[in-house]
Every structure is written in C-alpha cells, then in structure tokens.
>>> print(open('run33.csv').read())   # CSV, C-alpha atoms
chain,number,residue,atom,x,y,z
T,1082,MET,CA,7.8,8.4,-6.5
T,1083,ALA,CA,6.0,5.3,-7.6
T,1084,ILE,CA,5.4,4.9,-11.4
T,1085,VAL,CA,2.6,2.8,-12.9
T,1086,MET,CA,4.1,1.2,-15.9
T,1087,THR,CA,1.2,-0.9,-17.1
T,1088,ASP,CA,-2.3,0.4,-17.7
T,1089,PRO,CA,-4.2,0.0,-14.4
T,1090,LYS,CA,-7.2,-1.4,-16.3
T,1091,VAL,CA,-5.0,-4.2,-17.6
T,1092,LEU,CA,-3.6,-4.9,-14.2
T,1093,ALA,CA,-7.1,-5.0,-12.6
T,1094,THR,CA,-8.2,-7.4,-15.3
T,1095,THR,CA,-5.2,-9.6,-14.6
T,1096,PHE,CA,-6.0,-9.5,-10.9
T,1097,ASN,CA,-9.6,-10.5,-11.4
T,1098,ASP,CA,-8.7,-13.2,-13.9
T,1099,THR,CA,-6.3,-14.6,-11.3
T,1100,PHE,CA,-9.0,-14.6,-8.6
T,1101,ASN,CA,-11.5,-16.3,-10.9
T,1102,ALA,CA,-8.9,-18.9,-11.8
T,1103,HIS,CA,-8.3,-19.5,-8.1
T,1104,ASN,CA,-4.6,-19.2,-8.8
T,1105,GLU,CA,-3.3,-18.8,-5.3
T,1106,SER,CA,0.4,-18.6,-6.2
T,1107,ALA,CA,-0.2,-15.8,-8.7
T,1108,ILE,CA,-2.0,-13.7,-6.1
T,1109,TRP,CA,1.3,-13.4,-4.3
T,1110,ARG,CA,3.0,-12.0,-7.4
T,1111,LEU,CA,0.4,-9.3,-8.0
T,1112,VAL,CA,0.5,-7.5,-4.7
T,1113,SER,CA,3.0,-5.3,-2.9
T,1114,PRO,CA,4.6,-6.5,0.3
T,1115,GLN,CA,3.1,-3.3,1.9
T,1116,ILE,CA,-0.5,-3.8,0.6
T,1117,ARG,CA,-3.3,-2.5,2.7
T,1118,LEU,CA,-6.8,-4.0,2.7
T,1119,THR,CA,-10.0,-2.7,4.1
T,1120,ALA,CA,-13.2,-4.8,3.9
T,1121,PRO,CA,-16.6,-5.1,5.7
T,1122,GLY,CA,-16.6,-6.3,9.3
T,1123,ASP,CA,-14.0,-3.7,10.2
T,1124,VAL,CA,-11.3,-5.8,8.4
T,1125,ARG,CA,-8.0,-3.8,8.3
T,1126,LEU,CA,-5.1,-5.8,7.1
T,1127,GLU,CA,-1.5,-4.9,6.0
T,1128,GLY,CA,1.1,-6.9,4.2
T,1129,LYS,CA,1.1,-9.6,1.6
T,1130,ASP,CA,0.6,-12.5,4.0
T,1131,GLN,CA,-2.5,-11.1,5.5
T,1132,PHE,CA,-4.0,-9.9,2.2
T,1133,ALA,CA,-3.3,-13.3,0.5
T,1134,GLY,CA,-4.7,-15.1,3.5
T,1135,TYR,CA,-8.0,-13.1,3.3
T,1136,LEU,CA,-8.4,-13.6,-0.4
T,1137,ILE,CA,-7.4,-17.3,-0.4
T,1138,GLY,CA,-9.8,-17.8,2.5
T,1139,TRP,CA,-12.7,-16.7,0.2
T,1140,MET,CA,-11.4,-18.8,-2.7
T,1141,LYS,CA,-11.3,-21.9,-0.5
T,1142,ALA,CA,-14.7,-21.3,1.1
T,1143,PHE,CA,-16.2,-20.7,-2.4
T,1144,PRO,CA,-14.3,-23.1,-4.7
T,1145,ASP,CA,-16.5,-22.0,-7.7
T,1146,ALA,CA,-16.3,-18.2,-6.8
T,1147,ARG,CA,-16.3,-15.7,-9.6
T,1148,MET,CA,-16.1,-11.9,-9.7
T,1149,ILE,CA,-17.9,-10.4,-12.7
T,1150,VAL,CA,-17.0,-6.8,-13.3
T,1151,ARG,CA,-20.1,-4.8,-14.4
T,1152,HIS,CA,-18.7,-1.3,-14.5
T,1153,GLU,CA,-15.2,0.1,-14.2
T,1154,ILE,CA,-13.7,3.6,-13.8
T,1155,VAL,CA,-9.9,4.2,-14.1
T,1156,SER,CA,-8.3,7.4,-12.8
T,1157,GLY,CA,-4.6,7.5,-12.7
T,1158,PRO,CA,-3.3,4.6,-10.6
T,1159,TRP,CA,-6.8,3.9,-9.2
T,1160,VAL,CA,-9.4,1.4,-10.6
T,1161,VAL,CA,-13.0,1.3,-9.3
T,1162,GLN,CA,-15.0,-1.7,-10.2
T,1163,GLU,CA,-18.6,-2.6,-9.5
T,1164,TYR,CA,-18.9,-6.3,-9.5
T,1165,THR,CA,-21.1,-9.3,-8.9
T,1166,PHE,CA,-19.7,-12.1,-6.7
T,1167,GLU,CA,-21.1,-15.6,-7.3
T,1168,GLY,CA,-20.2,-18.8,-5.6
T,1169,THR,CA,-21.3,-21.7,-3.5
T,1170,GLN,CA,-19.9,-22.0,0.0
T,1171,ARG,CA,-18.5,-25.5,0.2
T,1172,GLY,CA,-15.6,-24.7,2.6
T,1173,THR,CA,-15.1,-22.9,5.9
T,1174,LEU,CA,-15.2,-19.1,5.5
T,1175,PRO,CA,-13.0,-17.3,8.0
T,1176,GLY,CA,-14.5,-14.0,9.1
T,1177,PRO,CA,-14.0,-11.2,11.6
T,1178,PHE,CA,-16.6,-12.7,13.9
T,1179,GLY,CA,-15.5,-16.3,13.6
T,1180,ASP,CA,-15.5,-19.1,11.1
T,1181,ILE,CA,-18.6,-20.0,9.1
T,1182,SER,CA,-19.0,-23.7,8.4
T,1183,PRO,CA,-19.9,-24.8,4.9
T,1184,THR,CA,-23.6,-24.1,4.1
T,1185,ASN,CA,-23.6,-25.4,0.5
T,1186,ARG,CA,-25.6,-22.3,-0.3
T,1187,LYS,CA,-25.0,-20.1,-3.4
T,1188,VAL,CA,-24.3,-16.4,-2.9
T,1189,VAL,CA,-24.9,-13.8,-5.5
T,1190,ASN,CA,-23.9,-10.4,-4.2
T,1191,LYS,CA,-22.9,-7.0,-5.6
T,1192,GLY,CA,-20.1,-4.9,-4.4
T,1193,VAL,CA,-17.4,-2.4,-5.3
T,1194,GLN,CA,-13.7,-2.7,-5.1
T,1195,VAL,CA,-11.3,0.2,-5.2
T,1196,ILE,CA,-7.7,-0.8,-6.2
T,1197,LYS,CA,-4.6,1.3,-6.3
T,1198,PHE,CA,-1.5,0.2,-8.3
T,1199,GLU,CA,2.1,1.2,-8.0
T,1200,ASN,CA,5.0,-0.3,-9.9
T,1201,ASP,CA,2.5,-2.8,-11.4
T,1202,LEU,CA,1.5,-4.1,-8.0
T,1203,VAL,CA,-1.7,-3.7,-5.9
T,1204,VAL,CA,-0.8,-1.4,-3.0
T,1205,GLU,CA,-4.3,-0.7,-1.7
T,1206,PHE,CA,-7.5,-2.7,-1.9
T,1207,ARG,CA,-10.8,-1.3,-0.6
T,1208,LEU,CA,-13.6,-3.8,-0.7
T,1209,TYR,CA,-17.3,-2.9,-0.2
T,1210,PHE,CA,-20.1,-5.4,-0.1
T,1211,ASP,CA,-23.3,-5.9,1.8
T,1212,GLN,CA,-22.2,-8.3,4.6
T,1213,VAL,CA,-25.7,-8.7,5.9
T,1214,GLU,CA,-27.0,-9.8,2.5
T,1215,THR,CA,-24.1,-12.3,2.3
T,1216,LEU,CA,-25.0,-13.7,5.7
T,1217,ASN,CA,-28.7,-13.9,4.7
T,1218,GLN,CA,-27.9,-15.8,1.6
T,1219,LEU,CA,-25.7,-18.2,3.6
T,1220,GLY,CA,-28.7,-18.8,6.0
T,1221,ILE,CA,-26.6,-17.4,8.9
T,1222,MET,CA,-28.7,-14.3,9.6
T,1223,PRO,CA,-32.5,-14.6,9.8
T,1224,ILE,CA,-34.5,-12.6,7.2
T,1225,PRO,CA,-36.8,-10.1,8.9
T,1226,VAL,CA,-40.5,-10.9,8.8
T,1227,LYS,CA,-42.5,-8.4,6.8
T,1228,ALA,CA,-45.3,-6.7,8.6
>>> encode(input="run33.csv", output="structure tokens")
Amino acid sequence: MAIVMTDPKVLATTFNDTFNAHNESAIWRLVSPQIRLTAPGDVRLEGKDQFAGYLIGWMKAFPDARMIVRHEIVSGPWVVQEYTFEGTQRGTLPGPFGDISPTNRKVVNKGVQVIKFENDLVVEFRLYFDQVETLNQLGIMPIPVKA
C-alpha cells in the first residue's frame, strides 16, 4: 500500500510553484512514472513522458503562465484546487484538435485540478477548465452574437 509521507497540501504547493517557475526539469521529479492525466478535449494520458509533455506544452505556449490557487480542499492523499490560470499565448499550443499558432492574446480562465499523491509523487491529475472560454479568449472560436 502506498504511503503519503509529506502533507499533500505541501506537495500541491510545491507542484504549483514548479509550474509557475516554469521549471521543466523539476516537473519530472514530482510525478510518478505511472501518472494518469485527464483534461478537457478528451485528453487521457498515462506515464511521465506524456504528462510532462502536456504540461510543458502549456508552459512553452504561455511563457508567462501562472496558476493562482483560490480555494483548496485536502482529503487524505487528494488535493482539490480551484485556480485561475493567467498567461499570454506567445508559443504554439499543442491540443487534441491540432496545434494553435501563437495569438499573442492573454487568457484568464478559472478551473479545478484534482491531484492524488502517493509516496510524495503525483499519481493522478484531473484537470477541469472551460475549453470554449479559453478558445474564445485566444480568438480561435467566434463569440456568439447576442439576440
């Protein structure tokens, strides 16, 4: 049975600080080789390489990206965080429907991440955010006309 040795709140803070610092090499050290990721767009990834590739893709596309945690709940090995993501898309954003060329537009979007830790590593990462709102802010999806 897996044992969480460090307070999951501390581990989640370390993970978010690493993302905000855009420390790609540290991301690799914080996740399990068997990590599972689910995200909008029917993204289902397994393994350290795929997870790191997804996260680093966002960091490269938004070189000033920041995750600001607004609310947090910890229960056993699970951490649930409501966050605001802020960043300007200056690089290509890989996505489930193809790459999005740089738009130089700022995105401010709210979301929730659910993270499970085992043996001080992230083993499960569930990401929820409004993909349509993100695409609207990037100018990729037209905003509906109000009647």
>>> closest_residue(input="run33.csv", among="T:His1152, T:Arg1125, T:Arg1117, T:Lys1090", to="T:Gly1192", atoms="only C-alpha atoms")
T:His1152
>>> closest_residue(input="run33.csv", among="T:Gly1122, T:Gly1128, T:Gly1138, T:Pro1158", to="T:Val1195", atoms="only C-alpha atoms")
T:Pro1158
>>> atom_distance(input="run33.csv", atom1="atom CA of T:Ile1221", atom2="atom CA of T:Gly1134")
22.7 Å
>>> residues_around(input="run33.csv", residues="T:Gly1157", least_positions_apart="3", cutoff="12 Å", atoms="all atoms listed in the file", output="list in words")
Ala1083, Ile1084, Val1085, Met1086, Thr1087, Asp1088, Pro1089, Lys1090, Ile1154, Val1160, Val1161, Ile1196, Lys1197, Phe1198 and Glu1199 of chain T
>>> closest_residue(input="run33.csv", among="T:Ala1146, T:Glu1205, T:Gln1162, T:Ile1181", to="T:Met1222", atoms="all atoms listed in the file")
T:Ile1181
>>> closest_residue(input="run33.csv", among="T:Thr1119, T:Met1148, T:Pro1183, T:Glu1163", to="T:Asn1101", atoms="all atoms listed in the file")
T:Met1148
>>> closest_residue(input="run33.csv", among="T:Val1155, T:Ile1149, T:Val1112, T:Val1213", to="T:Gln1131", atoms="all atoms listed in the file")
T:Val1112
